[in-house]
Every structure is written in C-alpha cells, then in structure tokens.
file structure-v8.cif (mmCIF, C-alpha atoms)
data_final
loop_
_atom_site.label_atom_id
_atom_site.label_comp_id
_atom_site.auth_asym_id
_atom_site.auth_seq_id
_atom_site.Cartn_x
_atom_site.Cartn_y
_atom_site.Cartn_z
CA MET S 110 0.66 -8.68 -25.44
CA ARG S 111 0.33 -4.93 -25.42
CA ILE S 112 3.69 -3.19 -24.95
CA THR S 113 3.55 -0.52 -22.27
CA ARG S 114 6.08 1.47 -20.32
CA ARG S 115 5.73 -0.94 -17.39
CA THR S 116 6.12 -4.14 -19.42
CA LEU S 117 9.15 -2.73 -21.18
CA LEU S 118 10.73 -1.58 -17.92
CA ALA S 119 10.06 -4.97 -16.38
CA GLY S 120 11.84 -6.71 -19.25
CA ALA S 121 14.76 -4.36 -19.73
CA GLY S 122 17.00 -2.32 -17.52
CA GLY S 123 16.90 1.30 -16.39
CA VAL S 124 18.09 3.98 -18.76
CA THR S 125 18.24 1.64 -21.76
CA ALA S 126 14.59 0.72 -21.31
CA LEU S 127 13.58 4.35 -20.98
CA ALA S 128 15.44 5.28 -24.14
CA LEU S 129 13.83 2.44 -26.06
CA MET S 130 10.44 3.37 -24.74
CA ASP S 131 10.75 6.99 -25.81
CA ARG S 132 11.53 5.89 -29.37
CA LEU S 133 9.15 2.96 -29.69
CA ILE S 134 6.07 3.69 -27.60
CA PRO S 135 3.87 6.70 -28.34
CA GLN S 136 2.67 8.58 -25.27
CA ALA S 137 -0.87 7.41 -25.96
CA PHE S 138 0.33 3.87 -25.20
CA ALA S 139 2.17 4.70 -21.99
CA ALA S 140 1.39 2.55 -19.00
CA GLN S 141 -1.65 2.99 -16.83
CA ILE S 142 -2.86 1.42 -13.61
CA PRO S 143 -4.86 -1.64 -14.65
CA ALA S 144 -7.05 -1.70 -11.53
CA VAL S 145 -7.13 1.27 -9.18
CA GLY S 146 -7.42 0.18 -5.55
CA ILE S 147 -8.42 1.79 -2.28
CA GLN S 148 -7.39 1.28 1.33
CA LEU S 149 -10.67 1.12 3.24
CA TYR S 150 -9.22 3.07 6.18
CA THR S 151 -10.01 6.09 4.01
CA VAL S 152 -13.76 5.48 4.41
CA ARG S 153 -13.64 3.81 7.82
CA ASP S 154 -16.43 5.91 9.32
CA ILE S 155 -19.06 5.01 6.73
CA PHE S 156 -17.74 1.48 6.26
CA GLN S 157 -18.17 0.70 9.95
CA LYS S 158 -21.80 1.85 9.84
CA ASP S 159 -22.70 0.30 6.49
CA PRO S 160 -20.08 -2.09 5.10
CA VAL S 161 -22.29 -3.47 2.33
CA GLY S 162 -23.44 -0.07 1.13
CA THR S 163 -19.90 1.33 1.27
CA LEU S 164 -18.41 -1.52 -0.75
CA ASN S 165 -21.14 -1.15 -3.36
CA ALA S 166 -20.55 2.61 -3.55
CA ILE S 167 -16.81 2.04 -4.01
CA ALA S 168 -17.45 -0.40 -6.83
CA LYS S 169 -19.87 2.04 -8.47
CA ILE S 170 -17.13 4.69 -8.56
CA GLY S 171 -14.99 2.23 -10.51
CA TYR S 172 -12.61 0.78 -7.97
CA ARG S 173 -11.87 -2.90 -8.48
CA GLU S 174 -9.34 -3.59 -5.72
CA ILE S 175 -9.76 -2.98 -2.01
CA GLU S 176 -7.41 -3.37 0.92
CA PHE S 177 -9.12 -3.94 4.24
CA GLY S 178 -7.89 -1.86 7.15
CA GLY S 179 -9.74 -0.08 9.95
CA GLY S 180 -13.45 0.44 10.23
CA GLY S 181 -13.85 -2.65 12.40
CA TYR S 182 -13.64 -5.02 9.45
CA ASP S 183 -11.85 -7.65 11.53
CA SER S 184 -14.89 -8.00 13.81
CA MET S 185 -17.29 -8.44 10.90
CA ASP S 186 -18.29 -11.68 9.22
CA PRO S 187 -15.62 -12.26 6.55
CA ALA S 188 -17.95 -14.52 4.57
CA MET S 189 -20.48 -11.68 4.37
CA LEU S 190 -17.80 -9.26 3.24
CA ARG S 191 -16.51 -11.71 0.63
CA ALA S 192 -20.01 -12.30 -0.74
CA THR S 193 -20.55 -8.54 -1.02
CA MET S 194 -17.21 -8.11 -2.78
CA ASP S 195 -17.89 -10.90 -5.24
CA LYS S 196 -21.30 -9.51 -6.11
CA ALA S 197 -19.89 -5.98 -6.57
CA GLY S 198 -16.93 -7.10 -8.69
CA LEU S 199 -14.32 -6.25 -6.06
CA ARG S 200 -11.24 -8.23 -5.05
CA CYS S 201 -8.97 -7.98 -2.03
CA PRO S 202 -5.31 -8.60 -2.97
CA SER S 203 -4.11 -7.66 0.52
CA LEU S 204 -5.32 -6.61 3.94
CA HIS S 205 -3.95 -4.97 7.07
CA ILE S 206 -3.55 -7.08 10.19
CA GLY S 207 -2.03 -5.64 13.36
CA TYR S 208 1.11 -6.84 15.14
CA ASP S 209 -0.72 -8.10 18.23
CA ALA S 210 -3.22 -10.06 16.11
CA LEU S 211 -0.44 -11.72 14.15
CA LEU S 212 1.39 -12.50 17.36
CA GLY S 213 -1.55 -13.79 19.37
CA GLN S 214 -4.26 -14.77 16.88
CA PHE S 215 -2.26 -15.98 13.90
CA ASP S 216 -4.52 -18.84 12.83
CA LYS S 217 -7.65 -16.70 13.11
CA SER S 218 -5.98 -13.94 11.10
CA VAL S 219 -4.96 -16.37 8.37
CA ALA S 220 -8.46 -17.82 8.18
CA MET S 221 -9.93 -14.33 7.81
CA ALA S 222 -7.43 -13.40 5.10
CA ARG S 223 -8.17 -16.61 3.22
CA THR S 224 -11.93 -16.05 3.33
CA LEU S 225 -11.52 -12.52 2.01
CA GLY S 226 -9.40 -13.81 -0.87
CA ALA S 227 -6.23 -11.95 0.07
CA LYS S 228 -2.81 -13.12 -1.05
CA THR S 229 -0.71 -10.71 1.02
CA VAL S 230 -0.88 -9.75 4.69
CA VAL S 231 0.36 -6.25 5.47
CA LEU S 232 1.52 -5.16 8.92
CA PRO S 233 0.17 -1.60 9.05
CA TYR S 234 1.49 0.09 12.17
CA MET S 235 3.65 -0.25 15.24
CA THR S 236 2.61 1.40 18.48
CA ASP S 237 4.78 3.58 20.72
CA GLU S 238 6.22 0.78 22.85
CA HIS S 239 7.94 -0.64 19.77
CA ARG S 240 9.47 2.64 18.62
CA THR S 241 12.50 2.61 20.90
CA GLU S 242 15.74 0.98 19.80
CA ALA S 243 15.18 -1.96 22.14
CA GLY S 244 11.49 -2.30 21.30
CA TRP S 245 12.05 -2.17 17.56
CA ASN S 246 14.97 -4.59 17.60
CA ALA S 247 12.90 -7.00 19.69
CA ALA S 248 9.98 -6.85 17.23
CA LEU S 249 11.93 -7.30 14.00
CA PRO S 250 12.58 -11.05 14.45
CA ASN S 251 8.81 -11.47 14.61
CA PHE S 252 8.51 -9.79 11.21
CA ASN S 253 10.64 -12.58 9.78
CA LYS S 254 8.64 -15.13 11.74
CA PHE S 255 5.32 -13.77 10.46
CA ALA S 256 6.59 -13.83 6.89
CA THR S 257 7.90 -17.38 7.20
CA GLU S 258 4.70 -18.73 8.73
CA LEU S 259 2.53 -16.84 6.26
CA LYS S 260 4.49 -18.28 3.36
CA LYS S 261 3.81 -21.77 4.69
CA ALA S 262 0.11 -20.86 4.75
CA GLY S 263 0.24 -19.57 1.17
CA PHE S 264 0.51 -15.81 1.81
CA ASP S 265 3.05 -13.08 1.23
CA PHE S 266 3.95 -10.47 3.84
CA ALA S 267 4.69 -6.75 3.66
CA TYR S 268 5.23 -3.82 6.01
CA HIS S 269 3.46 -0.46 5.66
CA ASN S 270 5.27 2.67 6.80
CA HIS S 271 4.26 5.93 8.39
CA ASP S 272 6.73 8.75 9.05
CA PHE S 273 8.15 7.62 12.39
CA GLU S 274 10.19 4.80 10.85
CA PHE S 275 12.28 7.42 9.04
CA THR S 276 12.36 10.18 11.65
CA ASN S 277 13.10 7.96 14.66
CA THR S 278 16.85 7.33 14.48
CA PRO S 279 18.21 5.76 17.69
CA GLY S 280 21.96 5.57 17.52
CA GLY S 281 21.87 7.46 14.22
CA VAL S 282 20.15 4.60 12.36
CA SER S 283 16.51 4.97 11.35
CA LEU S 284 13.96 2.34 12.28
CA TYR S 285 13.31 1.85 8.58
CA ASP S 286 16.97 1.14 7.85
CA ARG S 287 16.99 -1.33 10.72
CA LEU S 288 13.92 -3.05 9.27
CA LEU S 289 15.47 -3.38 5.83
CA LYS S 290 18.70 -4.77 7.25
CA ALA S 291 17.20 -7.17 9.79
CA THR S 292 14.43 -8.71 7.68
CA ASP S 293 14.69 -11.20 4.85
CA PRO S 294 14.21 -9.30 1.56
CA SER S 295 12.81 -12.40 -0.12
CA LEU S 296 10.06 -12.66 2.50
CA VAL S 297 9.42 -9.21 3.94
CA LYS S 298 8.24 -6.84 1.22
CA VAL S 299 7.18 -3.22 1.66
CA GLU S 300 4.00 -1.33 1.06
CA LEU S 301 5.36 2.17 0.54
CA ASP S 302 3.11 4.96 1.75
CA LEU S 303 4.34 7.74 -0.50
CA TYR S 304 2.80 10.56 1.51
CA TRP S 305 4.25 9.52 4.86
CA ALA S 306 7.69 8.91 3.38
CA LYS S 307 7.68 12.36 1.80
CA ARG S 308 6.33 13.90 5.00
CA ALA S 309 9.33 12.36 6.78
CA GLY S 310 11.66 14.19 4.39
CA GLN S 311 12.55 11.25 2.16
CA ASP S 312 13.65 11.69 -1.44
CA LEU S 313 10.96 9.51 -3.00
CA ASP S 314 12.90 8.85 -6.20
CA ALA S 315 15.92 7.61 -4.27
CA LEU S 316 13.82 5.60 -1.82
CA ILE S 317 11.88 3.85 -4.58
CA ASP S 318 15.09 2.94 -6.36
CA ARG S 319 16.60 1.70 -3.11
CA LEU S 320 13.63 -0.52 -2.29
CA ASN S 321 13.38 -1.82 -5.86
CA LYS S 322 12.37 -5.50 -5.77
CA ARG S 323 11.13 -5.22 -2.19
CA LEU S 324 8.23 -3.04 -3.34
CA TYR S 325 4.85 -4.72 -3.13
CA SER S 326 2.39 -1.84 -3.38
CA TYR S 327 1.98 1.91 -3.09
CA HIS S 328 -0.34 3.85 -0.85
CA VAL S 329 -1.20 6.82 -3.02
CA LYS S 330 -2.17 9.95 -1.15
CA ASP S 331 -1.35 13.50 -2.16
CA MET S 332 0.19 16.36 -0.17
CA ARG S 333 -0.90 19.98 -0.07
CA PRO S 334 1.71 22.74 0.02
CA ASP S 335 1.12 23.02 3.78
CA GLY S 336 1.94 19.32 4.22
CA LYS S 337 -1.63 18.16 4.85
CA MET S 338 -3.19 15.18 3.07
CA THR S 339 -5.48 15.72 0.12
CA ALA S 340 -7.17 13.80 -2.67
CA VAL S 341 -4.87 12.46 -5.38
CA GLY S 342 -4.42 15.08 -8.09
CA THR S 343 -5.14 18.07 -5.85
CA GLY S 344 -1.70 18.24 -4.25
CA THR S 345 1.96 18.57 -5.12
CA ILE S 346 3.24 15.01 -5.63
CA ASP S 347 4.12 14.06 -9.21
CA PHE S 348 2.86 10.49 -9.19
CA ALA S 349 3.46 9.90 -12.90
CA ALA S 350 7.15 10.64 -12.44
CA LEU S 351 7.34 8.20 -9.52
CA PHE S 352 5.39 5.45 -11.24
CA LYS S 353 7.48 5.53 -14.41
CA ARG S 354 10.71 4.91 -12.52
CA PRO S 355 12.16 1.47 -13.42
CA SER S 356 11.92 0.29 -9.81
CA SER S 357 8.18 0.99 -9.78
CA ALA S 358 7.74 -1.83 -12.26
CA HIS S 359 7.80 -4.14 -9.23
CA VAL S 360 4.71 -2.52 -7.69
CA ARG S 361 1.70 -4.78 -8.00
CA HIS S 362 -1.06 -2.61 -6.52
CA PHE S 363 -1.86 1.08 -6.24
CA TYR S 364 -4.14 1.86 -3.31
CA VAL S 365 -5.73 5.27 -2.85
CA GLU S 366 -5.63 6.36 0.77
CA ASN S 367 -6.48 9.56 2.60
CA ASP S 368 -6.36 9.23 6.38
CA GLU S 369 -8.07 12.61 6.66
CA ALA S 370 -10.63 12.38 3.86
CA PRO S 371 -13.45 14.84 4.55
CA ALA S 372 -17.04 13.68 4.99
CA PRO S 373 -19.03 12.52 3.08
CA TYR S 374 -15.86 10.72 1.79
CA LEU S 375 -17.22 9.50 -1.55
CA PRO S 376 -16.48 12.76 -3.42
CA ASP S 377 -12.89 12.68 -2.15
CA ILE S 378 -12.26 9.10 -3.25
CA THR S 379 -13.98 9.77 -6.57
CA THR S 380 -11.48 12.57 -7.28
CA SER S 381 -8.58 10.25 -6.45
CA PHE S 382 -10.00 7.46 -8.58
CA LYS S 383 -10.52 9.66 -11.63
CA THR S 384 -6.99 11.04 -11.31
CA LEU S 385 -5.35 7.63 -11.17
CA GLN S 386 -7.59 6.12 -13.82
CA ALA S 387 -6.56 8.87 -16.25
CA LEU S 388 -2.87 8.83 -15.26
CA ARG S 389 -0.36 7.71 -17.90
CA PHE S 390 3.29 7.05 -17.09
#
call {"tool": "encode", "arguments": {"input": "structure-v8.cif", "output": "structure tokens"}}
result
Amino acid sequence: MRITRRTLLAGAGGVTALALMDRLIPQAFAAQIPAVGIQLYTVRDIFQKDPVGTLNAIAKIGYREIEFGGGGYDSMDPAMLRATMDKAGLRCPSLHIGYDALLGQFDKSVAMARTLGAKTVVLPYMTDEHRTEAGWNAALPNFNKFATELKKAGFDFAYHNHDFEFTNTPGGVSLYDRLLKATDPSLVKVELDLYWAKRAGQDLDALIDRLNKRLYSYHVKDMRPDGKMTAVGTGTIDFAALFKRPSSAHVRHFYVENDEAPAPYLPDITTSFKTLQALRF
C-alpha cells in the first residue's frame, strides 16, 4: 500500500504522525484526493434542462463522484440517471434529501437513493420555521430517527450546514452546538460546508478538530476577499492546510460546490476540478 499523509495520519496520532510524515514522506508523495467530487446543485440550471448531457460533461472534465442535490433530480427517473452515471464512469456516494421528504416520503426516498447507488443520505437544509429554539429542538429528535431508520435500510446519515446554524444562537447556544449535543455521534455524521462555516465566522481549524470522527465529507467552495463564493483556487481559503489536519483523515469525500457559479458553469467547475486534482497535502 502506498504511504501517504492521509494513510499515516489515519494510523497514527496528531503531532507524532505529522513529525513522522515530514521525515519519511517526500512532498511528492503527499496525499491527494483520490476522486474529486461535485455537488450537482452547482450546475442545477443546466442539469435540470439536460441531465444526461450535464452528467457526461462532468465526467469529461474528470469528476468521478457526484452528489445529487437540486436541479429537480428527485422528480427524474432514478434508473435513467443511474444508467447515465454508469455509462459515464460516475458514482454517487451520497445525495441530498430534504427534511420534509424524509419525514413524509421515507420509503420513496430510500428507494431513490438505492437506485442511484448512494450509501449516505445527507439532510441539506432546514427552512425558517425550524430555526427558532423551539423549532430546532423539535426537529432534532427526527435527525436521530432518520439516522436510525436509514441504518436499518443500509444507509448512513449526515447533516450539511449553512451559516445560520452557527450564527443563530437562541439562549446563547448555537443551533449547531445543539445539533452536536442532541444527536447520536455514531449515527449522525456531518458534511462540513467549509465556505458557509467560514462565512459564519468559524475558525475552520478548530471546528474540523472538534468534529473529528463525525466528519463524513467536505463541501469545497472558495471565498473571495469580499466574502463572495468563487471557484476553488481563486479565493482565500487554504484548503491544503485544512485537508492535512489529522481530523481531516476521517473525510471520505470532497465535493466541489459553488452555489453562485456563473453561467455557462462548466468553466467554473473545471477550474475547481483542476485545483483539487493538483492539490497535495
């Protein structure tokens, strides 16, 4: 097995592992992302109009992992999407399914996820009615319920953040802290959107280390000096420094995302792909 920064960090602890790595592993053999992924919300406009063409274009760029979300994918034929993915050499490790769908259409959601080949269901967003102290506390038991039922069906479960979970602090306790405390860490993992956490004022190094084994995946989007989103590699976030942290060894997937990618979209996601493909950490 090839020794990389990530395999060494996974097998040893913290500072000791880093010291060993610096002595034993030349920079040329530092870790890299084995399969760069993309969250399809980034290209939702063109995906909704031409899902087959968009998936083929994504594969041609070099992406090998996709995460479904937005673009009306949940109203499309999942068998058609799966056939297109298989032919293009794409796989879907996880997908976004909304709170209401998990609450009211659980079996249908599971069947869709299974057809698409996903192993993890990610809850992507909570609407305004859930962002009060009472609304959030009422929803959190369902997070545990979703995770428990999904495990029985053969799936893992994770929650994807925006900024409001950190900035909304009823009673002085953030919604994110409430989530971490009230949900089962062995069942409810996190998909950490690095941009939104940073936009909310979080120290990303500290947050990554705090989440540690709860980390499932990263949403990788860059930030311009003015705080706006931009393609990976054209902003200010030092992704290599974040990815080489010992706690990042638990991250299984790295999904490019840009909620505000400019049309025609493909150049933007090509820039992000090339940046992450070349990244060493």
call {"tool": "atom_distance", "arguments": {"input": "structure-v8.cif", "atom1": "CA of Leu284 in chain S", "atom2": "CA of Thr241 in chain S"}}
result
8.7 Å
call {"tool": "resolve_selection", "arguments": {"input": "structure-v8.cif", "expression": "the PyMOL selection byres ((chain S and resi 323) around 7)", "output": "PDB file with C-alpha atoms, in the frame of the given file"}}
result
ATOM      1  CA  PRO S 294      14.210  -9.300   1.560  1.00  0.00           C
ATOM      2  CA  LYS S 298       8.240  -6.840   1.220  1.00  0.00           C
ATOM      3  CA  VAL S 299       7.180  -3.220   1.660  1.00  0.00           C
ATOM      4  CA  LEU S 320      13.630  -0.520  -2.290  1.00  0.00           C
ATOM      5  CA  ASN S 321      13.380  -1.820  -5.860  1.00  0.00           C
ATOM      6  CA  LYS S 322      12.370  -5.500  -5.770  1.00  0.00           C
ATOM      7  CA  LEU S 324       8.230  -3.040  -3.340  1.00  0.00           C
ATOM      8  CA  TYR S 325       4.850  -4.720  -3.130  1.00  0.00           C
TER       9      TYR S 325
END
call {"tool": "atom_distance", "arguments": {"input": "structure-v8.cif", "atom1": "CA of Leu199 in chain S", "atom2": "CA of Met221 in chain S"}}
result
16.6 Å
call {"tool": "closest_residue", "arguments": {"input": "structure-v8.cif", "among": "S:Leu259, S:Ala192, S:Val360, S:Ile378", "to": "Asp318 in chain S", "atoms": "all atoms listed in the file"}}
result
S:Val360
call {"tool": "resolve_selection", "arguments": {"input": "structure-v8.cif", "expression": "the PyMOL selection byres ((chain S and resi 303) around 10)", "output": "list of chain:residue names"}}
result
S:Asn270, S:His271, S:Asp272, S:Glu300, S:Leu301, S:Asp302, S:Tyr304, S:Trp305, S:Ala306, S:Lys307, S:Arg308, S:Ala309, S:Gln311, S:Leu313, S:Leu316, S:Ile317, S:Tyr327, S:His328, S:Val329, S:Lys330, S:Asp331, S:Met332, S:Ile346, S:Phe348, S:Leu351
call {"tool": "atom_distance", "arguments": {"input": "structure-v8.cif", "atom1": "CA of Lys254 in chain S", "atom2": "CA of Tyr208 in chain S"}}
result
11.7 Å
call {"tool": "closest_residue", "arguments": {"input": "structure-v8.cif", "among": "S:His269, S:Lys228, S:Arg173, S:Lys337", "to": "Val145 in chain S", "atoms": "only C-alpha atoms"}}
result
S:Arg173
call {"tool": "resolve_selection", "arguments": {"input": "structure-v8.cif", "expression": "the PyMOL selection byres ((chain S and resi 149) around 9)", "output": "MDAnalysis selection string"}}
result
chainID S and resid 147:148 150:153 156 175:180 365:366
call {"tool": "closest_residue", "arguments": {"input": "structure-v8.cif", "among": "S:Ile170, S:Ile142, S:Pro334, S:Pro355", "to": "Asp377 in chain S", "atoms": "only C-alpha atoms"}}
result
S:Ile170
call {"tool": "axis_aligned_box", "arguments": {"input": "structure-v8.cif", "around": "range 216-219 of chain S", "padding_each_side": "8 Å", "output": "AutoDock Vina command-line options"}}
result
--center_x -6.1 --center_y -16.4 --center_z 10.7 --size_x 19.1 --size_y 20.9 --size_z 20.7
call {"tool": "residues_around", "arguments": {"input": "structure-v8.cif", "residues": "Ala222 in chain S", "least_positions_apart": "3", "cutoff": "10 Å", "atoms": "all atoms listed in the file", "output": "ChimeraX atom specification"}}
result
/S:177,183,187,201-206,216-219,225-230,264
call {"tool": "write_last_selection", "arguments": {"input": "structure-v8.cif", "atoms": "C-alpha atoms", "output": "PDB file, in the frame of the given file"}}
result
ATOM      1  CA  PHE S 177      -9.120  -3.940   4.240  1.00  0.00           C
ATOM      2  CA  ASP S 183     -11.850  -7.650  11.530  1.00  0.00           C
ATOM      3  CA  PRO S 187     -15.620 -12.260   6.550  1.00  0.00           C
ATOM      4  CA  CYS S 201      -8.970  -7.980  -2.030  1.00  0.00           C
ATOM      5  CA  PRO S 202      -5.310  -8.600  -2.970  1.00  0.00           C
ATOM      6  CA  SER S 203      -4.110  -7.660   0.520  1.00  0.00           C
ATOM      7  CA  LEU S 204      -5.320  -6.610   3.940  1.00  0.00           C
ATOM      8  CA  HIS S 205      -3.950  -4.970   7.070  1.00  0.00           C
ATOM      9  CA  ILE S 206      -3.550  -7.080  10.190  1.00  0.00           C
ATOM     10  CA  ASP S 216      -4.520 -18.840  12.830  1.00  0.00           C
ATOM     11  CA  LYS S 217      -7.650 -16.700  13.110  1.00  0.00           C
ATOM     12  CA  SER S 218      -5.980 -13.940  11.100  1.00  0.00           C
ATOM     13  CA  VAL S 219      -4.960 -16.370   8.370  1.00  0.00           C
ATOM     14  CA  LEU S 225     -11.520 -12.520   2.010  1.00  0.00           C
ATOM     15  CA  GLY S 226      -9.400 -13.810  -0.870  1.00  0.00           C
ATOM     16  CA  ALA S 227      -6.230 -11.950   0.070  1.00  0.00           C
ATOM     17  CA  LYS S 228      -2.810 -13.120  -1.050  1.00  0.00           C
ATOM     18  CA  THR S 229      -0.710 -10.710   1.020  1.00  0.00           C
ATOM     19  CA  VAL S 230      -0.880  -9.750   4.690  1.00  0.00           C
ATOM     20  CA  PHE S 264       0.510 -15.810   1.810  1.00  0.00           C
TER      21      PHE S 264
END
call {"tool": "closest_residue", "arguments": {"input": "structure-v8.cif", "among": "S:Lys290, S:His239, S:Ser295, S:Arg354", "to": "Phe266 in chain S", "atoms": "all atoms listed in the file"}}
result
S:Ser295
call {"tool": "closest_residue", "arguments": {"input": "structure-v8.cif", "among": "S:Tyr268, S:Phe275, S:Tyr374, S:Phe255", "to": "Thr163 in chain S", "atoms": "only C-alpha atoms"}}
result
S:Tyr374
call {"tool": "decode", "arguments": {"input": "structure-v8.cif", "residues": "range 154-165 of chain S", "atoms": "N, CA and C atoms", "output": "PDB file, in the first residue's frame"}}
result
ATOM      1  N   ASP S 154     -28.941  24.588 -13.005  1.00  0.00           N
ATOM      2  CA  ASP S 154     -29.680  25.162 -14.124  1.00  0.00           C
ATOM      3  C   ASP S 154     -29.529  24.317 -15.390  1.00  0.00           C
ATOM      4  N   ILE S 155     -28.312  23.907 -15.705  1.00  0.00           N
ATOM      5  CA  ILE S 155     -28.121  23.116 -16.921  1.00  0.00           C
ATOM      6  C   ILE S 155     -28.493  21.658 -16.696  1.00  0.00           C
ATOM      7  N   PHE S 156     -28.337  21.184 -15.463  1.00  0.00           N
ATOM      8  CA  PHE S 156     -28.721  19.802 -15.165  1.00  0.00           C
ATOM      9  C   PHE S 156     -30.214  19.605 -15.325  1.00  0.00           C
ATOM     10  N   GLN S 157     -30.999  20.572 -14.869  1.00  0.00           N
ATOM     11  CA  GLN S 157     -32.452  20.445 -14.960  1.00  0.00           C
ATOM     12  C   GLN S 157     -32.910  20.382 -16.415  1.00  0.00           C
ATOM     13  N   LYS S 158     -32.228  21.123 -17.289  1.00  0.00           N
ATOM     14  CA  LYS S 158     -32.598  21.153 -18.703  1.00  0.00           C
ATOM     15  C   LYS S 158     -32.074  19.939 -19.463  1.00  0.00           C
ATOM     16  N   ASP S 159     -30.900  19.458 -19.071  1.00  0.00           N
ATOM     17  CA  ASP S 159     -30.265  18.370 -19.817  1.00  0.00           C
ATOM     18  C   ASP S 159     -29.442  17.509 -18.861  1.00  0.00           C
ATOM     19  N   PRO S 160     -30.099  16.654 -18.077  1.00  0.00           N
ATOM     20  CA  PRO S 160     -29.365  15.867 -17.080  1.00  0.00           C
ATOM     21  C   PRO S 160     -28.329  14.933 -17.700  1.00  0.00           C
ATOM     22  N   VAL S 161     -28.668  14.291 -18.803  1.00  0.00           N
ATOM     23  CA  VAL S 161     -27.735  13.355 -19.426  1.00  0.00           C
ATOM     24  C   VAL S 161     -26.514  14.086 -19.957  1.00  0.00           C
ATOM     25  N   GLY S 162     -26.739  15.168 -20.680  1.00  0.00           N
ATOM     26  CA  GLY S 162     -25.627  15.933 -21.217  1.00  0.00           C
ATOM     27  C   GLY S 162     -24.749  16.524 -20.131  1.00  0.00           C
ATOM     28  N   THR S 163     -25.370  16.982 -19.034  1.00  0.00           N
ATOM     29  CA  THR S 163     -24.603  17.579 -17.942  1.00  0.00           C
ATOM     30  C   THR S 163     -23.739  16.540 -17.240  1.00  0.00           C
ATOM     31  N   LEU S 164     -24.296  15.369 -16.973  1.00  0.00           N
ATOM     32  CA  LEU S 164     -23.505  14.313 -16.333  1.00  0.00           C
ATOM     33  C   LEU S 164     -22.340  13.892 -17.221  1.00  0.00           C
ATOM     34  N   ASN S 165     -22.568  13.797 -18.512  1.00  0.00           N
ATOM     35  CA  ASN S 165     -21.487  13.432 -19.423  1.00  0.00           C
ATOM     36  C   ASN S 165     -20.409  14.512 -19.472  1.00  0.00           C
TER      37      ASN S 165
END
